[in-house]
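So the structure is just underneath, and the comments pick up after that.
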Amino acid sequence: MEYRDELADLTRERFGPRRDREQPVRYTAAFSLTATMASLLTEGDFAAFLQAALRASRDCHRPEPNWPFPRTFIDSFSRELRNRVGPFEEAEGRQEAWHIMFALHGILAPDLMGPFIRCAFDAWENTVECVSRRLAKT
């Protein structure tokens, strides 16, 4: 099982039509961008990006105690990502992945961003678990 296959299956299951019908264009684009991001990053960085995006999606619509108005998604995502991985510009692929996440945010409707990123994270977890089981058998 590869991440790309698992993401396609979960995306169809949660958001799209049956396997024999076309996926809405926004999900096709989001799927491709997410798979590209996964190929650019290490597993740890990919998980950190998805977790940062989940938190940013949740937090960008509510004000913080010391900040009088809601932050934008990209502000929240950048801040959360820096907390998780440090300066994200220093490692190979992180800068490109940051831009991909920004594009995902633009493609998906605001109410779909969180659920789609959750789906991408679940697909990543399923893939890691499957690979771990396969390695344990050998």
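In the structure tokens, each chain is lettered A, B, ... as it comes, each chain's residues begin at 1, and ligands are numbered from 1 in order of appearance.
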List the neighbours of Cys130 in chain A out to 12 Å using only C-alpha atoms; skip same-chain residues closer than 5 positions along the sequence, and give me the result as JSON, numbers by chain.
-> {"A": [1, 2, 3, 6, 123, 124, 125, 135, 136, 137]}
Hey, can you spit out that residue selection with all heavy atoms as a compact mmCIF listing (two decimals), in the first residue's frame?
```
# COMPACT_ATOMS: atom_id res chain seq x y z
N MET A 1 0.85 -1.18 0.00
CA MET A 1 0.00 0.00 0.00
C MET A 1 0.89 1.24 0.00
O MET A 1 1.84 1.32 0.75
CB MET A 1 -0.88 0.01 1.25
CG MET A 1 -1.71 1.27 1.36
SD MET A 1 -2.39 1.58 2.99
CE MET A 1 -3.47 0.22 3.20
N GLU A 2 0.57 2.16 -0.84
CA GLU A 2 1.30 3.41 -0.87
C GLU A 2 0.38 4.53 -0.45
O GLU A 2 -0.84 4.43 -0.55
CB GLU A 2 1.85 3.66 -2.27
CG GLU A 2 2.96 2.70 -2.64
CD GLU A 2 3.68 3.16 -3.89
OE1 GLU A 2 3.65 4.36 -4.20
OE2 GLU A 2 4.24 2.29 -4.55
N TYR A 3 0.99 5.62 0.00
CA TYR A 3 0.21 6.76 0.48
C TYR A 3 -0.76 7.27 -0.58
O TYR A 3 -1.91 7.53 -0.29
CB TYR A 3 1.15 7.88 0.92
CG TYR A 3 0.39 9.10 1.36
CD1 TYR A 3 -0.26 9.11 2.59
CD2 TYR A 3 0.27 10.20 0.53
CE1 TYR A 3 -1.00 10.20 2.99
CE2 TYR A 3 -0.47 11.30 0.92
CZ TYR A 3 -1.10 11.29 2.15
OH TYR A 3 -1.84 12.37 2.54
N GLU A 6 -3.81 5.06 -0.74
CA GLU A 6 -4.63 5.19 0.47
C GLU A 6 -5.36 6.53 0.50
O GLU A 6 -6.54 6.59 0.85
CB GLU A 6 -3.74 5.04 1.71
CG GLU A 6 -4.49 5.14 3.02
CD GLU A 6 -5.50 4.02 3.27
OE1 GLU A 6 -5.46 2.98 2.58
OE2 GLU A 6 -6.35 4.18 4.16
N ALA A 123 -4.83 8.98 6.07
CA ALA A 123 -4.21 8.16 5.02
C ALA A 123 -2.74 7.94 5.32
O ALA A 123 -2.22 6.82 5.13
CB ALA A 123 -4.38 8.83 3.65
N TRP A 124 -2.06 8.97 5.79
CA TRP A 124 -0.65 8.83 6.16
C TRP A 124 -0.49 7.83 7.30
O TRP A 124 0.36 6.95 7.25
CB TRP A 124 -0.07 10.19 6.55
CG TRP A 124 1.33 10.10 7.06
CD1 TRP A 124 2.47 10.02 6.31
CD2 TRP A 124 1.75 10.04 8.43
NE1 TRP A 124 3.56 9.91 7.13
CE2 TRP A 124 3.15 9.93 8.43
CE3 TRP A 124 1.07 10.08 9.64
CZ2 TRP A 124 3.88 9.85 9.61
CZ3 TRP A 124 1.79 10.01 10.81
CH2 TRP A 124 3.19 9.89 10.78
N GLU A 125 -1.32 7.94 8.34
CA GLU A 125 -1.25 7.01 9.47
C GLU A 125 -1.51 5.58 9.01
O GLU A 125 -0.81 4.66 9.44
CB GLU A 125 -2.27 7.39 10.55
CG GLU A 125 -1.83 8.54 11.41
CD GLU A 125 -2.82 8.81 12.53
OE1 GLU A 125 -4.05 8.66 12.33
OE2 GLU A 125 -2.35 9.19 13.62
N LEU A 135 6.80 -4.83 7.55
CA LEU A 135 8.20 -4.98 7.96
C LEU A 135 8.31 -5.94 9.15
O LEU A 135 9.30 -6.67 9.26
CB LEU A 135 8.80 -3.62 8.33
CG LEU A 135 9.05 -2.67 7.15
CD1 LEU A 135 9.53 -1.32 7.66
CD2 LEU A 135 10.04 -3.26 6.17
N ALA A 136 7.31 -5.93 10.03
CA ALA A 136 7.35 -6.83 11.18
C ALA A 136 7.21 -8.29 10.76
O ALA A 136 7.74 -9.19 11.42
CB ALA A 136 6.24 -6.46 12.15
N LYS A 137 6.52 -8.54 9.66
CA LYS A 137 6.34 -9.91 9.18
C LYS A 137 7.60 -10.47 8.51
O LYS A 137 7.76 -11.67 8.46
CB LYS A 137 5.19 -9.97 8.18
CG LYS A 137 3.84 -9.80 8.81
CD LYS A 137 2.75 -9.89 7.77
CE LYS A 137 1.39 -9.71 8.40
NZ LYS A 137 0.32 -9.78 7.41
```
For Gln95 in chain A, please output as number ranges by chain all residues within 12 Å (counting only C-alpha atoms; exclusion window: fewer than 3 positions along the same chain).
-> A: 37, 40-41, 45, 49, 78, 81-82, 87-92, 98-102
Mind writing the picked residues with C-alpha atoms as a PDB file, in the first residue's frame?
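Now in part-v6.pdb:
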```
ATOM      1  CA  MET A  37       3.779  17.296  -0.883  1.00  0.00           C
ATOM      2  CA  LEU A  40       8.792  16.151  -1.208  1.00  0.00           C
ATOM      3  CA  LEU A  41       8.984  15.679   2.558  1.00  0.00           C
ATOM      4  CA  ASP A  45       8.008  16.529   8.157  1.00  0.00           C
ATOM      5  CA  PHE A  49       2.883  19.793   8.046  1.00  0.00           C
ATOM      6  CA  SER A  78       3.347  29.251   9.487  1.00  0.00           C
ATOM      7  CA  LEU A  81       4.852  24.874  11.572  1.00  0.00           C
ATOM      8  CA  ARG A  82       7.748  26.868  13.002  1.00  0.00           C
ATOM      9  CA  PRO A  87      12.761  27.303  10.468  1.00  0.00           C
ATOM     10  CA  PHE A  88      11.044  25.456   7.660  1.00  0.00           C
ATOM     11  CA  GLU A  89      13.070  27.181   4.956  1.00  0.00           C
ATOM     12  CA  GLU A  90      16.234  25.269   5.914  1.00  0.00           C
ATOM     13  CA  ALA A  91      15.317  21.707   4.889  1.00  0.00           C
ATOM     14  CA  GLU A  92      14.887  20.443   1.344  1.00  0.00           C
ATOM     15  CA  TRP A  98       4.569  25.358   2.422  1.00  0.00           C
ATOM     16  CA  HIS A  99       3.446  26.802  -0.913  1.00  0.00           C
ATOM     17  CA  ILE A 100       1.515  23.631  -1.714  1.00  0.00           C
ATOM     18  CA  MET A 101      -0.349  23.915   1.595  1.00  0.00           C
ATOM     19  CA  PHE A 102      -1.176  27.531   0.766  1.00  0.00           C
TER      20      PHE A 102
END
```
Would you mind listing what lies within 12 Å of Asp59 in chain A as a PyMOL selection string, with only C-alpha atoms counted and same-chain residues fewer than 5 positions away left out?
-> chain A and resi 52-54+64+69-77+79-80+114
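Closest approach to Ala103 in chain A among A:Arg26, A:Arg134, A:Arg14, A:Arg118: A:Arg26, based on only C-alpha atoms.
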Please give the complete set of residues from range 79-135 of chain A that DSSP, run on the backbone, assigns to alpha helix (DSSP H), formatted as a PyMOL selection string.
-> chain A and resi 79-85+94-107+110-135
So what do you get for CA of Thr36 in chain A versus CA of Ser132 in chain A, distance-wise?
->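 Computed distance, CA of Thr36 in chain A to CA of Ser132 in chain A, equals 22.3 Å.
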Can you work out the spacing between CA of Thr42 in chain A and CA of Ser57 in chain A in Å, to one decimal?
->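 Atom-to-atom, CA of Thr42 in chain A and CA of Ser57 in chain A are spaced 22.2 Å apart.
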Compare A:Arg4, A:His105, A:Arg94, A:Arg55 by their minimum atom-to-atom distance to Phe31 in chain A, counting only C-alpha atoms, and give me the closest one.
->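 Closest residue, counting only C-alpha atoms: A:Arg4.
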Kindly indicate which residue among A:Cys119, A:Ala56, A:Leu33, A:Leu108 lies nearest to Leu7 in chain A, using only C-alpha atoms for the distances.
->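 Using only C-alpha atoms, the shortest distance to Leu7 in chain A belongs to A:Cys119.
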